Amino acid sequence: MTSKSLSGGDAIAALPRHRLLGEFSLWSADLANMERDLHRIEPYVDLHHIDVADARFTPGFLFFPDFVVRIAKLTKKPIHVHLMVEAEIVEEQTRQFIEAGADLISVHAETGEAGLRAVELAKQLGAEAGVVLRLETSVAEAEPFLAKVAFFTLLGTSIGVKGQSLSDKACDRLREARSLIKRVGREKAIVLAADGGIREQTVPLLRAAGAETVVLGSLAFGDKDLPGRIAWLHALETQP
């Protein structure tokens with residue numbers, strides 16, 4: 001068992017902002033050998049990314065609070081839970097996953113007022129909050145959340161399906177999101193994230209479009225030279 005020096009909102013506030021962050025999606029880990037994979041990635045991961053799906057908001061089911069409890073015992077790194085769930089359960093799921101050990105909960109803007117209440121609840125419980133947008137949702141729909149969140153994630157592929165190619169709209173949407181964050185005066189407070197379609201050839205494009213973190217799946221877990229992959233990631237800079 002490990003012991004975190006920082007947790008909740010403090011752990012998220014301590015993330016480095018001078019380079020591209022690497023979130024590792026545990027959906028791409030070897031679930032039968034999770035402890036082995038966690039040990040391998042621990043020196044390189046900035047955040048563990050755990051997707052949660054209710055098979056209504058998304059095509060299928062994904063991880064549960066008990067899974068987060070187990071992960072939290074095996075890592076000192078922050079845990080980011082992405083709630084892909086319907087509005088009627090988003091608040092209760094927020095509570096359950098924070099109690100399980102999540103440091104950051106991201107809810108979908110599509111959940112509306114319930115999502116806003118979930119953001120407030122996350123912060124009341126000592127965690128940090130984020131907002132996520134489906135690919136087909138207007139970037140402007142996130143604006144009501146931006147005064148209260150630390151992460152703003154844009155999906156670059158259809159929700160809940162692995163292995164898709166990055167949408168042609170993804171980079172323009174990141175630029176639009178960056179402009180919106182600047183307009184509301186929270187450039188230094190919000191991390192702009194790209195999730196979906198993360199490949200060796202797409203990460204530089206996403207970084208140039210303003211992404212400050214990318215959610216890595218097979219690009220991390222499938223790379224035999226993980227130290228080299230992460231050195232490459234950290235060296236990427238935005239275009240002037």
# chains A, B, ... in the order shown; residues from 1 in each chain; ligands from 1
call {"tool": "residues_around", "arguments": {"residues": "Ala208 in chain A", "least_positions_apart": "3", "cutoff": "12 Å", "atoms": "only C-alpha atoms", "output": "list in words"}}
result
Leu20, Ala170, Cys171, Asp172, Leu174, Arg175, Arg178, Ala194, Thr202, Val203, Pro204, Leu205, Ala211, Glu212, Thr213, Leu236, Glu237, Thr238, Gln239 and Pro240 of chain A
call {"tool": "residues_around", "arguments": {"residues": "Leu216 in chain A", "least_positions_apart": "2", "cutoff": "7 Å", "atoms": "only C-alpha atoms", "output": "PyMOL selection string"}}
result
chain A and resi 22-25+198+214+218-220
call {"tool": "closest_residue", "arguments": {"among": "A:Leu226, A:Leu166, A:Leu104, A:Ala55", "to": "Arg40 in chain A", "atoms": "only C-alpha atoms"}}
result
A:Leu226
call {"tool": "closest_residue", "arguments": {"among": "A:Leu47, A:Ala140, A:Val161, A:Ala147", "to": "Pro59 in chain A", "atoms": "only C-alpha atoms"}}
result
A:Val161
call {"tool": "select_by_dssp", "arguments": {"residues": "range 26-235 of chain A", "states": "alpha helix (DSSP H)", "output": "JSON, numbers by chain"}}
result
{"A": [34, 35, 36, 37, 38, 39, 40, 41, 65, 66, 67, 68, 69, 70, 71, 72, 87, 88, 89, 90, 91, 92, 93, 94, 95, 96, 97, 98, 99, 100, 112, 113, 114, 115, 116, 117, 118, 119, 120, 121, 122, 123, 124, 170, 171, 172, 173, 174, 175, 176, 177, 178, 179, 180, 181, 182, 183, 203, 204, 205, 206, 207, 208, 218, 219, 220, 221, 226, 227, 228, 229, 230, 231, 232, 233, 234, 235]}
call {"tool": "write_last_selection", "arguments": {"atoms": "C-alpha atoms", "output": "tab-separated table (two decimals), in the first residue's frame"}}
result
chain	number	residue	atom	x	y	z
A	34	MET	CA	-3.03	-4.30	-13.11
A	35	GLU	CA	-0.58	-4.15	-10.21
A	36	ARG	CA	2.30	-4.98	-12.55
A	37	ASP	CA	1.23	-2.27	-15.02
A	38	LEU	CA	0.80	0.31	-12.25
A	39	HIS	CA	4.30	-0.40	-10.99
A	40	ARG	CA	5.68	0.01	-14.51
A	41	ILE	CA	4.02	3.36	-15.19
A	65	PRO	CA	-15.78	2.47	-7.22
A	66	ASP	CA	-14.17	-0.75	-5.93
A	67	PHE	CA	-11.72	-0.55	-8.82
A	68	VAL	CA	-10.70	2.97	-7.76
A	69	VAL	CA	-10.28	1.83	-4.16
A	70	ARG	CA	-7.78	-0.77	-5.34
A	71	ILE	CA	-5.89	1.63	-7.62
A	72	ALA	CA	-5.65	4.26	-4.88
A	87	ALA	CA	-27.73	13.33	-15.18
A	88	GLU	CA	-29.91	11.47	-12.69
A	89	ILE	CA	-26.95	9.57	-11.23
A	90	VAL	CA	-24.05	11.98	-11.73
A	91	GLU	CA	-24.20	13.44	-8.22
A	92	GLU	CA	-24.31	10.11	-6.44
A	93	GLN	CA	-21.54	8.74	-8.67
A	94	THR	CA	-19.44	11.80	-7.85
A	95	ARG	CA	-19.80	11.08	-4.15
A	96	GLN	CA	-19.07	7.36	-4.52
A	97	PHE	CA	-15.92	7.81	-6.58
A	98	ILE	CA	-14.48	10.52	-4.35
A	99	GLU	CA	-15.09	8.31	-1.33
A	100	ALA	CA	-13.29	5.54	-3.25
A	112	GLY	CA	-26.65	20.33	-17.23
A	113	GLU	CA	-27.76	21.51	-13.79
A	114	ALA	CA	-27.10	18.10	-12.24
A	115	GLY	CA	-23.55	18.27	-13.55
A	116	LEU	CA	-23.10	21.72	-12.01
A	117	ARG	CA	-24.32	20.39	-8.68
A	118	ALA	CA	-21.89	17.48	-8.99
A	119	VAL	CA	-19.04	19.95	-9.51
A	120	GLU	CA	-20.02	21.77	-6.33
A	121	LEU	CA	-20.28	18.47	-4.46
A	122	ALA	CA	-16.83	17.36	-5.60
A	123	LYS	CA	-15.29	20.53	-4.23
A	124	GLN	CA	-17.25	20.27	-0.96
A	170	ALA	CA	-10.71	18.12	-32.74
A	171	CYS	CA	-7.93	20.68	-33.11
A	172	ASP	CA	-10.25	23.53	-34.07
A	173	ARG	CA	-12.40	22.70	-31.04
A	174	LEU	CA	-9.35	22.88	-28.78
A	175	ARG	CA	-8.50	26.31	-30.17
A	176	GLU	CA	-12.07	27.43	-29.56
A	177	ALA	CA	-11.93	26.08	-26.02
A	178	ARG	CA	-8.65	27.88	-25.36
A	179	SER	CA	-10.23	31.14	-26.53
A	180	LEU	CA	-13.24	30.56	-24.28
A	181	ILE	CA	-11.04	29.86	-21.25
A	182	LYS	CA	-9.12	33.07	-21.96
A	183	ARG	CA	-12.32	35.07	-22.34
A	203	VAL	CA	-0.32	14.39	-30.17
A	204	PRO	CA	1.87	17.15	-31.71
A	205	LEU	CA	-1.19	18.53	-33.52
A	206	LEU	CA	-3.24	18.54	-30.31
A	207	ARG	CA	-0.41	20.16	-28.38
A	208	ALA	CA	-0.07	22.88	-31.03
A	218	SER	CA	-2.00	2.13	-26.18
A	219	LEU	CA	0.52	4.89	-26.95
A	220	ALA	CA	1.78	4.44	-23.39
A	221	PHE	CA	0.86	0.90	-22.38
A	226	LEU	CA	8.06	4.00	-21.99
A	227	PRO	CA	10.81	6.33	-20.66
A	228	GLY	CA	11.57	7.37	-24.24
A	229	ARG	CA	7.90	7.87	-25.05
A	230	ILE	CA	7.38	10.13	-22.04
A	231	ALA	CA	10.57	12.10	-22.76
A	232	TRP	CA	9.15	12.71	-26.26
A	233	LEU	CA	5.83	13.80	-24.77
A	234	HIS	CA	7.42	16.23	-22.33
A	235	ALA	CA	9.55	17.78	-25.08
call {"tool": "select_by_dssp", "arguments": {"residues": "range 137-209 of chain A", "states": "strand (DSSP E or B)", "output": "PyMOL selection string"}}
result
chain A and resi 151-155+191-195
